[in-house]
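The file target-v1.pdb comes next; it holds PDB, C-alpha atoms and all ligand atoms.
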ATOM      1  CA  MET A   1     -20.707  -1.902   1.044
ATOM      2  CA  GLU A   2     -19.555  -1.693   4.664
ATOM      3  CA  GLN A   3     -17.052  -4.255   5.881
ATOM      4  CA  ASN A   4     -16.909  -6.104   9.171
ATOM      5  CA  ILE A   5     -13.605  -6.702  10.851
ATOM      6  CA  ILE A   6     -12.831 -10.067  12.394
ATOM      7  CA  VAL A   7     -11.742  -9.308  15.947
ATOM      8  CA  ASN A   8     -10.600 -12.706  17.216
ATOM      9  CA  ASN A   9      -7.445 -12.932  15.123
ATOM     10  CA  GLN A  10      -4.044 -11.989  16.354
ATOM     11  CA  TYR A  11      -3.069  -8.615  14.967
ATOM     12  CA  ILE A  12      -0.815  -9.009  11.904
ATOM     13  CA  GLY A  13       0.543  -5.845  10.337
ATOM     14  CA  ARG A  14       3.202  -5.158   7.765
ATOM     15  CA  PHE A  15       5.498  -2.654   6.098
ATOM     16  CA  ALA A  16       5.776  -3.116   2.340
ATOM     17  CA  PRO A  17       8.301  -0.841   0.637
ATOM     18  CA  SER A  18       9.197  -0.872  -3.066
ATOM     19  CA  PRO A  19      12.946  -1.050  -3.632
ATOM     20  CA  THR A  20      12.949   2.001  -5.896
ATOM     21  CA  GLY A  21      15.371   3.840  -3.625
ATOM     22  CA  ARG A  22      16.470   4.262  -0.040
ATOM     23  CA  LEU A  23      14.089   4.968   2.805
ATOM     24  CA  HIS A  24      13.451   8.664   3.441
ATOM     25  CA  ILE A  25      11.660  10.483   6.228
ATOM     26  CA  GLY A  26       8.225   9.734   4.682
ATOM     27  CA  SER A  27       8.830   6.005   4.369
ATOM     28  CA  LEU A  28      10.372   5.948   7.864
ATOM     29  CA  LEU A  29       7.139   7.456   9.184
ATOM     30  CA  CYS A  30       5.151   4.610   7.573
ATOM     31  CA  ALA A  31       7.539   1.979   8.936
ATOM     32  CA  VAL A  32       7.385   3.432  12.458
ATOM     33  CA  GLY A  33       3.595   3.974  12.396
ATOM     34  CA  SER A  34       2.859   0.423  11.272
ATOM     35  CA  PHE A  35       5.441  -1.002  13.715
ATOM     36  CA  LEU A  36       4.031   0.871  16.731
ATOM     37  CA  ASP A  37       0.427  -0.014  15.970
ATOM     38  CA  ALA A  38       1.357  -3.699  15.643
ATOM     39  CA  ARG A  39       3.489  -3.824  18.791
ATOM     40  CA  ALA A  40       0.993  -1.821  20.864
ATOM     41  CA  ASN A  41      -1.612  -4.463  19.938
ATOM     42  CA  ASN A  42       0.735  -7.360  20.758
ATOM     43  CA  GLY A  43       0.805  -8.048  17.053
ATOM     44  CA  LYS A  44       3.238  -9.319  14.492
ATOM     45  CA  TRP A  45       4.981  -6.913  12.145
ATOM     46  CA  LEU A  46       6.010  -8.316   8.755
ATOM     47  CA  VAL A  47       8.201  -6.842   6.049
ATOM     48  CA  ARG A  48       7.422  -7.424   2.382
ATOM     49  CA  ILE A  49       9.518  -6.109  -0.492
ATOM     50  CA  GLU A  50       7.321  -5.052  -3.414
ATOM     51  CA  ASP A  51       9.742  -5.745  -6.252
ATOM     52  CA  LEU A  52       7.388  -6.357  -9.178
ATOM     53  CA  ASP A  53       8.574  -3.606 -11.496
ATOM     54  CA  PRO A  54      12.298  -4.201 -12.182
ATOM     55  CA  PRO A  55      12.802  -1.154 -14.452
ATOM     56  CA  ARG A  56      11.821   1.135 -11.575
ATOM     57  CA  GLU A  57      14.016  -0.596  -9.007
ATOM     58  CA  GLU A  58      17.440   0.466  -7.819
ATOM     59  CA  ILE A  59      20.269  -2.014  -7.301
ATOM     60  CA  GLY A  60      21.090  -2.382  -3.617
ATOM     61  CA  ALA A  61      17.912  -0.637  -2.448
ATOM     62  CA  THR A  62      16.459  -3.733  -0.756
ATOM     63  CA  ASP A  63      19.595  -4.326   1.333
ATOM     64  CA  ASP A  64      19.729  -0.672   2.177
ATOM     65  CA  ILE A  65      16.081  -0.622   3.308
ATOM     66  CA  LEU A  66      16.520  -3.702   5.529
ATOM     67  CA  ARG A  67      19.768  -2.386   7.049
ATOM     68  CA  THR A  68      18.097   0.940   7.775
ATOM     69  CA  LEU A  69      15.134  -0.733   9.509
ATOM     70  CA  HIS A  70      17.542  -2.642  11.743
ATOM     71  CA  ALA A  71      19.532   0.516  12.463
ATOM     72  CA  PHE A  72      16.331   2.112  13.804
ATOM     73  CA  ALA A  73      15.617  -1.047  15.862
ATOM     74  CA  LEU A  74      12.561  -1.775  13.696
ATOM     75  CA  HIS A  75      12.971  -5.544  13.924
ATOM     76  CA  TRP A  76      10.414  -7.559  11.983
ATOM     77  CA  ASP A  77       8.884 -10.999  12.538
ATOM     78  CA  GLY A  78       9.592 -13.967  10.296
ATOM     79  CA  GLU A  79      11.248 -14.002   6.906
ATOM     80  CA  VAL A  80      11.153 -11.051   4.542
ATOM     81  CA  VAL A  81       8.786 -11.820   1.660
ATOM     82  CA  TYR A  82       9.645 -10.801  -1.917
ATOM     83  CA  GLN A  83       6.842 -10.251  -4.426
ATOM     84  CA  SER A  84       9.192 -11.209  -7.272
ATOM     85  CA  LYS A  85       9.106 -14.797  -5.945
ATOM     86  CA  ARG A  86       5.310 -14.991  -5.741
ATOM     87  CA  HIS A  87       4.137 -14.752  -9.361
ATOM     88  CA  HIS A  88       2.477 -18.173  -9.056
ATOM     89  CA  LEU A  89       0.158 -16.857  -6.317
ATOM     90  CA  TYR A  90      -0.950 -13.909  -8.437
ATOM     91  CA  ARG A  91      -1.492 -16.271 -11.383
ATOM     92  CA  GLU A  92      -3.680 -18.543  -9.219
ATOM     93  CA  ALA A  93      -5.830 -15.622  -8.121
ATOM     94  CA  LEU A  94      -6.231 -14.367 -11.690
ATOM     95  CA  ASP A  95      -7.109 -17.860 -12.945
ATOM     96  CA  TYR A  96      -9.747 -18.177 -10.222
ATOM     97  CA  LEU A  97     -11.320 -14.886 -11.269
ATOM     98  CA  LEU A  98     -11.135 -15.833 -14.959
ATOM     99  CA  GLU A  99     -12.912 -19.081 -14.234
ATOM    100  CA  LYS A 100     -15.616 -17.195 -12.336
ATOM    101  CA  GLY A 101     -16.050 -14.776 -15.239
ATOM    102  CA  GLU A 102     -14.982 -11.841 -13.067
ATOM    103  CA  VAL A 103     -12.218 -10.633 -15.388
ATOM    104  CA  TYR A 104     -11.916 -10.094 -19.121
ATOM    105  CA  PRO A 105      -9.134  -9.456 -21.603
ATOM    106  CA  CYS A 106      -8.671  -5.900 -22.820
ATOM    107  CA  PHE A 107      -6.879  -5.195 -26.089
ATOM    108  CA  CYS A 108      -7.222  -1.413 -25.991
ATOM    109  CA  SER A 109      -4.132   0.670 -26.523
ATOM    110  CA  ARG A 110      -3.142   3.426 -24.139
ATOM    111  CA  LYS A 111      -4.164   5.876 -26.852
ATOM    112  CA  THR A 112      -7.703   4.453 -27.235
ATOM    113  CA  ILE A 113      -8.204   4.479 -23.490
ATOM    114  CA  LYS A 114      -7.126   8.098 -23.297
ATOM    115  CA  GLU A 115      -9.387   9.108 -26.171
ATOM    116  CA  ASN A 116     -12.489   7.310 -24.893
ATOM    117  CA  GLY A 117     -12.145   7.616 -21.155
ATOM    118  CA  ILE A 118     -12.769  10.388 -18.715
ATOM    119  CA  ILE A 119     -10.320  11.479 -16.048
ATOM    120  CA  GLY A 120     -11.105   9.806 -12.735
ATOM    121  CA  ILE A 121      -9.733   9.842  -9.222
ATOM    122  CA  ASP A 122      -6.562   7.938 -10.204
ATOM    123  CA  GLY A 123      -5.950   8.233 -13.943
ATOM    124  CA  MET A 124      -8.387   7.480 -16.753
ATOM    125  CA  VAL A 125     -11.689   5.717 -16.107
ATOM    126  CA  TYR A 126     -11.863   2.823 -18.562
ATOM    127  CA  ASN A 127     -15.056   2.953 -20.648
ATOM    128  CA  GLY A 128     -15.604  -0.813 -20.641
ATOM    129  CA  ASN A 129     -15.039  -1.156 -24.390
ATOM    130  CA  CYS A 130     -13.754  -4.759 -24.235
ATOM    131  CA  ARG A 131     -16.564  -5.914 -21.923
ATOM    132  CA  LYS A 132     -18.651  -6.571 -25.031
ATOM    133  CA  GLN A 133     -15.909  -8.354 -26.939
ATOM    134  CA  SER A 134     -14.930 -11.156 -24.591
ATOM    135  CA  ASN A 135     -14.487 -13.596 -27.495
ATOM    136  CA  PHE A 136     -12.487 -11.148 -29.523
ATOM    137  CA  GLN A 137      -8.848 -12.150 -30.080
ATOM    138  CA  SER A 138      -6.394  -9.663 -31.450
ATOM    139  CA  ALA A 139      -3.779 -11.638 -33.369
ATOM    140  CA  GLY A 140      -0.354 -11.678 -31.792
ATOM    141  CA  LYS A 141      -1.243  -9.115 -29.162
ATOM    142  CA  ASN A 142      -1.192  -9.864 -25.445
ATOM    143  CA  PRO A 143      -4.204  -8.442 -23.649
ATOM    144  CA  ALA A 144      -4.350  -6.800 -20.265
ATOM    145  CA  TYR A 145      -6.833  -8.376 -17.838
ATOM    146  CA  ARG A 146      -9.433  -6.217 -16.139
ATOM    147  CA  LEU A 147     -11.789  -6.862 -13.269
ATOM    148  CA  TYR A 148     -15.485  -6.141 -13.826
ATOM    149  CA  VAL A 149     -16.413  -3.377 -11.385
ATOM    150  CA  ASP A 150     -20.130  -3.379 -10.749
ATOM    151  CA  ALA A 151     -20.251  -1.903  -7.245
ATOM    152  CA  ASP A 152     -21.048   1.754  -6.895
ATOM    153  CA  GLU A 153     -19.925   2.960  -3.520
ATOM    154  CA  ILE A 154     -17.255   1.359  -1.381
ATOM    155  CA  SER A 155     -16.907   2.755   2.123
ATOM    156  CA  PHE A 156     -14.747   1.810   5.064
ATOM    157  CA  ASN A 157     -13.912   3.168   8.479
ATOM    158  CA  ASP A 158     -10.276   4.227   8.614
ATOM    159  CA  SER A 159      -8.725   4.243  12.101
ATOM    160  CA  ILE A 160      -7.194   7.688  11.498
ATOM    161  CA  ILE A 161      -9.303   9.366   8.810
ATOM    162  CA  GLY A 162     -12.727   7.997   9.724
ATOM    163  CA  CYS A 163     -15.294   7.122   7.089
ATOM    164  CA  TYR A 164     -13.941   7.146   3.525
ATOM    165  CA  LYS A 165     -16.185   6.608   0.501
ATOM    166  CA  GLN A 166     -15.486   6.179  -3.170
ATOM    167  CA  ASN A 167     -17.727   5.361  -6.115
ATOM    168  CA  ILE A 168     -15.341   2.972  -7.824
ATOM    169  CA  LYS A 169     -17.583   2.360 -10.810
ATOM    170  CA  ASN A 170     -17.620   6.037 -11.792
ATOM    171  CA  GLU A 171     -14.287   7.165 -10.408
ATOM    172  CA  VAL A 172     -12.076   4.170 -11.300
ATOM    173  CA  GLY A 173     -13.934   1.719 -13.553
ATOM    174  CA  ASP A 174     -12.823  -1.803 -14.492
ATOM    175  CA  PHE A 175      -9.217  -1.888 -13.351
ATOM    176  CA  ILE A 176      -6.237  -3.890 -14.541
ATOM    177  CA  LEU A 177      -4.948  -6.959 -12.694
ATOM    178  CA  LEU A 178      -2.385  -8.106 -15.257
ATOM    179  CA  ARG A 179      -0.842  -5.601 -17.608
ATOM    180  CA  ALA A 180      -0.432  -6.245 -21.328
ATOM    181  CA  ASP A 181       3.356  -6.168 -20.847
ATOM    182  CA  GLY A 182       3.068  -9.111 -18.423
ATOM    183  CA  LEU A 183       3.628  -7.169 -15.195
ATOM    184  CA  TRP A 184       1.252  -7.868 -12.323
ATOM    185  CA  ALA A 185      -0.745  -4.864 -11.212
ATOM    186  CA  TYR A 186       0.078  -3.495  -7.788
ATOM    187  CA  GLN A 187      -3.574  -3.875  -6.714
ATOM    188  CA  LEU A 188      -3.659  -7.622  -7.322
ATOM    189  CA  ALA A 189      -0.270  -8.414  -5.788
ATOM    190  CA  VAL A 190      -0.980  -6.434  -2.615
ATOM    191  CA  VAL A 191      -4.400  -7.994  -2.061
ATOM    192  CA  VAL A 192      -3.149 -11.540  -2.651
ATOM    193  CA  ASP A 193      -0.073 -11.102  -0.451
ATOM    194  CA  ASP A 194      -1.933  -9.503   2.436
ATOM    195  CA  ALA A 195      -4.425 -12.378   2.415
ATOM    196  CA  MET A 196      -1.746 -15.089   2.086
ATOM    197  CA  GLN A 197       0.269 -13.518   4.921
ATOM    198  CA  LYS A 198      -2.924 -13.223   7.017
ATOM    199  CA  VAL A 199      -2.432  -9.478   7.394
ATOM    200  CA  ASN A 200      -5.495  -8.018   9.111
ATOM    201  CA  HIS A 201      -4.287  -4.459   9.843
ATOM    202  CA  ILE A 202      -2.723  -2.162   7.276
ATOM    203  CA  VAL A 203      -1.128   1.081   8.419
ATOM    204  CA  ARG A 204       0.347   2.982   5.462
ATOM    205  CA  GLY A 205       0.608   6.405   3.831
ATOM    206  CA  GLN A 206      -2.337   8.445   2.605
ATOM    207  CA  ASP A 207      -0.969   8.329  -0.943
ATOM    208  CA  LEU A 208      -2.495   4.831  -1.080
ATOM    209  CA  LEU A 209      -5.906   5.853   0.282
ATOM    210  CA  VAL A 210      -7.256   6.206  -3.248
ATOM    211  CA  SER A 211      -6.336   2.535  -3.925
ATOM    212  CA  THR A 212      -7.985   1.106  -0.824
ATOM    213  CA  PRO A 213     -11.565   0.827  -2.172
ATOM    214  CA  ARG A 214     -10.218  -1.121  -5.178
ATOM    215  CA  GLN A 215      -8.352  -3.449  -2.827
ATOM    216  CA  ILE A 216     -11.437  -3.972  -0.649
ATOM    217  CA  TYR A 217     -13.519  -4.714  -3.743
ATOM    218  CA  LEU A 218     -10.954  -7.139  -5.167
ATOM    219  CA  ALA A 219     -10.508  -8.907  -1.801
ATOM    220  CA  LYS A 220     -14.284  -9.473  -1.713
ATOM    221  CA  ARG A 221     -14.227 -10.997  -5.202
ATOM    222  CA  LEU A 222     -11.536 -13.389  -3.938
ATOM    223  CA  HIS A 223     -13.465 -14.111  -0.692
ATOM    224  CA  TYR A 224     -10.622 -12.858   1.483
ATOM    225  CA  PRO A 225     -11.313 -11.601   5.034
ATOM    226  CA  ALA A 226     -11.701  -7.870   5.617
ATOM    227  CA  ILE A 227      -8.778  -5.752   6.785
ATOM    228  CA  GLN A 228      -8.724  -2.765   9.147
ATOM    229  CA  TYR A 229      -7.021   0.225   7.514
ATOM    230  CA  ALA A 230      -5.249   3.296   8.881
ATOM    231  CA  HIS A 231      -3.740   5.882   6.542
ATOM    232  CA  LEU A 232      -0.928   8.037   7.910
ATOM    233  CA  PRO A 233      -0.408  11.712   7.072
ATOM    234  CA  LEU A 234       1.997  12.516   4.236
ATOM    235  CA  LEU A 235       5.248  14.353   4.844
ATOM    236  CA  THR A 236       5.883  17.052   2.281
ATOM    237  CA  ASN A 237       8.520  19.572   1.319
ATOM    238  CA  ARG A 238       7.868  23.338   1.596
ATOM    239  CA  GLN A 239       6.083  23.291  -1.774
ATOM    240  CA  GLY A 240       3.588  20.780  -0.402
ATOM    241  CA  GLN A 241       4.933  17.916  -2.527
ATOM    242  CA  LYS A 242       5.109  14.488  -0.914
ATOM    243  CA  TRP A 243       8.675  13.486  -0.107
ATOM    244  CA  SER A 244       9.723  10.738  -2.518
ATOM    245  CA  LYS A 245      12.556   9.788  -4.803
ATOM    246  CA  GLN A 246      11.043  12.100  -7.434
ATOM    247  CA  THR A 247      11.015  15.116  -5.110
ATOM    248  CA  LEU A 248      14.597  14.297  -4.070
ATOM    249  CA  ALA A 249      13.855  13.353  -0.476
ATOM    250  CA  PRO A 250      17.082  13.633   1.537
ATOM    251  CA  HIS A 251      18.706  10.395   2.672
ATOM    252  CA  LEU A 252      18.291   9.475   6.315
ATOM    253  CA  ASP A 253      21.448  10.396   8.199
ATOM    254  CA  LEU A 254      22.088   7.382  10.407
ATOM    255  CA  ASN A 255      24.522   9.402  12.514
ATOM    256  CA  HIS A 256      21.443  11.197  13.848
ATOM    257  CA  LYS A 257      18.979   8.318  13.862
ATOM    258  CA  GLU A 258      17.673   8.983  17.402
ATOM    259  CA  ASP A 259      16.862  12.600  16.454
ATOM    260  CA  LEU A 260      15.123  11.419  13.269
ATOM    261  CA  LEU A 261      13.122   8.853  15.203
ATOM    262  CA  ARG A 262      12.015  11.430  17.783
ATOM    263  CA  GLN A 263      10.992  13.760  14.944
ATOM    264  CA  VAL A 264       8.874  11.014  13.362
ATOM    265  CA  LEU A 265       7.205  10.287  16.701
ATOM    266  CA  ILE A 266       6.236  13.953  17.032
ATOM    267  CA  TYR A 267       4.720  13.791  13.517
ATOM    268  CA  LEU A 268       2.764  10.721  14.639
ATOM    269  CA  GLY A 269       1.250  12.612  17.560
ATOM    270  CA  LEU A 270       3.192  10.979  20.430
ATOM    271  CA  PRO A 271       3.199  13.029  23.653
ATOM    272  CA  GLN A 272       6.289  15.071  24.514
ATOM    273  CA  PRO A 273       8.903  15.068  25.913
ATOM    274  CA  ILE A 274      10.217  12.019  24.077
ATOM    275  CA  PRO A 275      13.121  10.455  25.996
ATOM    276  CA  ALA A 276      16.674  10.997  24.790
ATOM    277  CA  ASP A 277      17.798   7.409  24.518
ATOM    278  CA  SER A 278      18.699   4.623  22.077
ATOM    279  CA  CYS A 279      16.298   3.798  19.215
ATOM    280  CA  GLU A 280      15.458   0.542  20.993
ATOM    281  CA  ASN A 281      14.393   2.348  24.177
ATOM    282  CA  ILE A 282      12.677   5.203  22.367
ATOM    283  CA  LEU A 283      10.547   2.647  20.482
ATOM    284  CA  ARG A 284       9.754   0.786  23.700
ATOM    285  CA  TRP A 285       8.543   4.067  25.202
ATOM    286  CA  ALA A 286       6.591   4.864  22.011
ATOM    287  CA  VAL A 287       4.799   1.481  22.033
ATOM    288  CA  ALA A 288       3.663   2.156  25.609
ATOM    289  CA  ASN A 289       2.472   5.668  24.663
ATOM    290  CA  TRP A 290       0.978   4.892  21.228
ATOM    291  CA  ASN A 291      -2.544   6.067  20.500
ATOM    292  CA  ILE A 292      -3.652   5.881  16.883
ATOM    293  CA  LYS A 293      -6.394   8.419  17.595
ATOM    294  CA  GLN A 294      -3.668  11.038  18.197
ATOM    295  CA  VAL A 295      -2.202  10.680  14.701
ATOM    296  CA  PRO A 296      -2.972  13.822  12.687
ATOM    297  CA  VAL A 297      -4.925  13.611   9.427
ATOM    298  CA  ASN A 298      -3.396  16.538   7.535
ATOM    299  CA  SER A 299      -0.079  16.565   5.661
ATOM    300  CA  ILE A 300       2.983  17.783   7.551
ATOM    301  CA  ILE A 301       5.840  19.868   6.185
ATOM    302  CA  SER A 302       9.111  18.144   7.063
ATOM    303  CA  GLU A 303      12.568  19.705   6.638
ATOM    304  CA  ASN A 304      14.435  16.405   6.771
TER
HETATM  305 ZN    ZN B 401     -10.220  -2.717 -23.806
END
Target format structure tokens, applied to this file:
Amino acid sequence: MEQNIIVNNQYIGRFAPSPTGRLHIGSLLCAVGSFLDARANNGKWLVRIEDLDPPREEIGATDDILRTLHAFALHWDGEVVYQSKRHHLYREALDYLLEKGEVYPCFCSRKTIKENGIIGIDGMVYNGNCRKQSNFQSAGKNPAYRLYVDADEISFNDSIIGCYKQNIKNEVGDFILLRADGLWAYQLAVVVDDAMQKVNHIVRGQDLLVSTPRQIYLAKRLHYPAIQYAHLPLLTNRQGQKWSKQTLAPHLDLNHKEDLLRQVLIYLGLPQPIPADSCENILRWAVANWNIKQVPVNSIISEN
């Protein structure tokens, strides 16, 4: 399944952090990369806060993220969108798919799935057990809802990585859209929001590359337009682990924000020398010098 990109639209890009902690050098790279690609294409750059999993969130993180973006002169267009206020949109999409017979309830426990599944590209591949039991109701138990996955290979042309292919039937299987605990799955919320916000270019980290075929497949089921993707290299510590809250990524030191910004631009393949100036002016220079084809594919060790 190859997708065609609609070229007449105005470019609309976005940065969509989860408020699980402050921005670090890796998330700054994603913010800057998506910002530059949007601005270099005379596009809009939106910010969406992905706050669908309250137990994982940190109080004050959203404010901190937005303040940090402003400090780096990464000014966004329009209002910030919060996923926590958009449950009705996810519900509408799920109801549409239910009506079309594209999803089914799954009553399997985590244990059953682990015992009967095989390990895939992103966790266990569900064996489709509840496909055959669509009328089955387990008393008092809320089901998860899964999407029927009947496509074999999904491929797309990434602006940085090139052609990426994944057999989602064998490597992922029928995936969850609504969890049994009532939380919306990341895959559904992202696809619905990007379509509702008319996002047509997504520039984000390579940690999400494995999710992209699922999102393309789901968007097709919902008849949403295709999106052009670009996946940025990951920044890692010396052990090769991606910088994140879990790997104790250092906080961004805003007293040295111009140095941090210049560092990120070098990681993104901008030509050197990068001017010593304010963040505003450095970004203006970077927009004029941006070339997505210069962004490296491989992970980068970052000391910050
Ligand atoms: Zn099941």
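Evaluated on this file, the PyMOL selection byres (((chain A and resi 270) around 9) and not hetatm) matches A:Leu265, A:Ile266, A:Tyr267, A:Leu268, A:Gly269, A:Pro271, A:Gln272, A:Pro273, A:Ile274, A:Ala286, A:Asn289, A:Trp290, A:Asn291, A:Gln294, A:Val295.
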Could you write out as a PDB file with C-alpha atoms, in the frame of the given file the residues that the PyMOL selection byres (((chain A and resi 204-219) around 8) and not hetatm) matches in the shown file?
ATOM      1  CA  PHE A  15       5.498  -2.654   6.098  1.00  0.00           C
ATOM      2  CA  CYS A  30       5.151   4.610   7.573  1.00  0.00           C
ATOM      3  CA  GLY A  33       3.595   3.974  12.396  1.00  0.00           C
ATOM      4  CA  SER A  34       2.859   0.423  11.272  1.00  0.00           C
ATOM      5  CA  ILE A 121      -9.733   9.842  -9.222  1.00  0.00           C
ATOM      6  CA  ASP A 122      -6.562   7.938 -10.204  1.00  0.00           C
ATOM      7  CA  ILE A 154     -17.255   1.359  -1.381  1.00  0.00           C
ATOM      8  CA  SER A 155     -16.907   2.755   2.123  1.00  0.00           C
ATOM      9  CA  PHE A 156     -14.747   1.810   5.064  1.00  0.00           C
ATOM     10  CA  LYS A 165     -16.185   6.608   0.501  1.00  0.00           C
ATOM     11  CA  GLN A 166     -15.486   6.179  -3.170  1.00  0.00           C
ATOM     12  CA  ILE A 168     -15.341   2.972  -7.824  1.00  0.00           C
ATOM     13  CA  GLN A 187      -3.574  -3.875  -6.714  1.00  0.00           C
ATOM     14  CA  LEU A 188      -3.659  -7.622  -7.322  1.00  0.00           C
ATOM     15  CA  VAL A 190      -0.980  -6.434  -2.615  1.00  0.00           C
ATOM     16  CA  VAL A 191      -4.400  -7.994  -2.061  1.00  0.00           C
ATOM     17  CA  VAL A 192      -3.149 -11.540  -2.651  1.00  0.00           C
ATOM     18  CA  ILE A 202      -2.723  -2.162   7.276  1.00  0.00           C
ATOM     19  CA  VAL A 203      -1.128   1.081   8.419  1.00  0.00           C
ATOM     20  CA  LYS A 220     -14.284  -9.473  -1.713  1.00  0.00           C
ATOM     21  CA  ARG A 221     -14.227 -10.997  -5.202  1.00  0.00           C
ATOM     22  CA  LEU A 222     -11.536 -13.389  -3.938  1.00  0.00           C
ATOM     23  CA  HIS A 223     -13.465 -14.111  -0.692  1.00  0.00           C
ATOM     24  CA  TYR A 224     -10.622 -12.858   1.483  1.00  0.00           C
ATOM     25  CA  PRO A 225     -11.313 -11.601   5.034  1.00  0.00           C
ATOM     26  CA  ALA A 226     -11.701  -7.870   5.617  1.00  0.00           C
ATOM     27  CA  ALA A 230      -5.249   3.296   8.881  1.00  0.00           C
ATOM     28  CA  HIS A 231      -3.740   5.882   6.542  1.00  0.00           C
ATOM     29  CA  LEU A 232      -0.928   8.037   7.910  1.00  0.00           C
ATOM     30  CA  PRO A 233      -0.408  11.712   7.072  1.00  0.00           C
ATOM     31  CA  LEU A 234       1.997  12.516   4.236  1.00  0.00           C
TER      32      LEU A 234
END
Exercise for the section: One decimal, Å: what's the distance from CA of Leu74 in chain A over to CA of Arg86 in chain A, could you say? Expected result: 24.6 Å
Practice task
Within 12 Å of ligand ZN 401 (chain B), which residues show up when you count all atoms listed in the file? List them as a ChimeraX atom specification, please.
Solution key: /A:103-114,116-117,125-134,136-138,142-148,173-176,179-180
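Matched in the shown structure by the PyMOL selection byres (((chain A and resi 297) around 7) and not hetatm): Ile160, Ile161, Pro233, Val295, Pro296, Asn298 and Ser299 of chain A.
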Exercise for the section: Check the smallest atom-to-atom distance from each of A:Trp76, A:Tyr186, A:Tyr96, A:Tyr11 to Glu50 in chain A using all atoms listed in the file, then report the winner. Expected result: A:Tyr186
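Using only C-alpha atoms, the smallest distance between any of A:Glu102, A:Glu303, A:Glu280, A:Asp37 and Gln263 in chain A comes from A:Glu303.
Among A:Pro54, A:Gly140, A:Gly120, A:Gly43, the residue with the shortest atom-to-atom distance to Asp77 in chain A, counting all atoms listed in the file, is A:Gly43.
The interatomic distance for the pair CA of Ser278 in chain A and CA of Lys257 in chain A works out to 9.0 Å.
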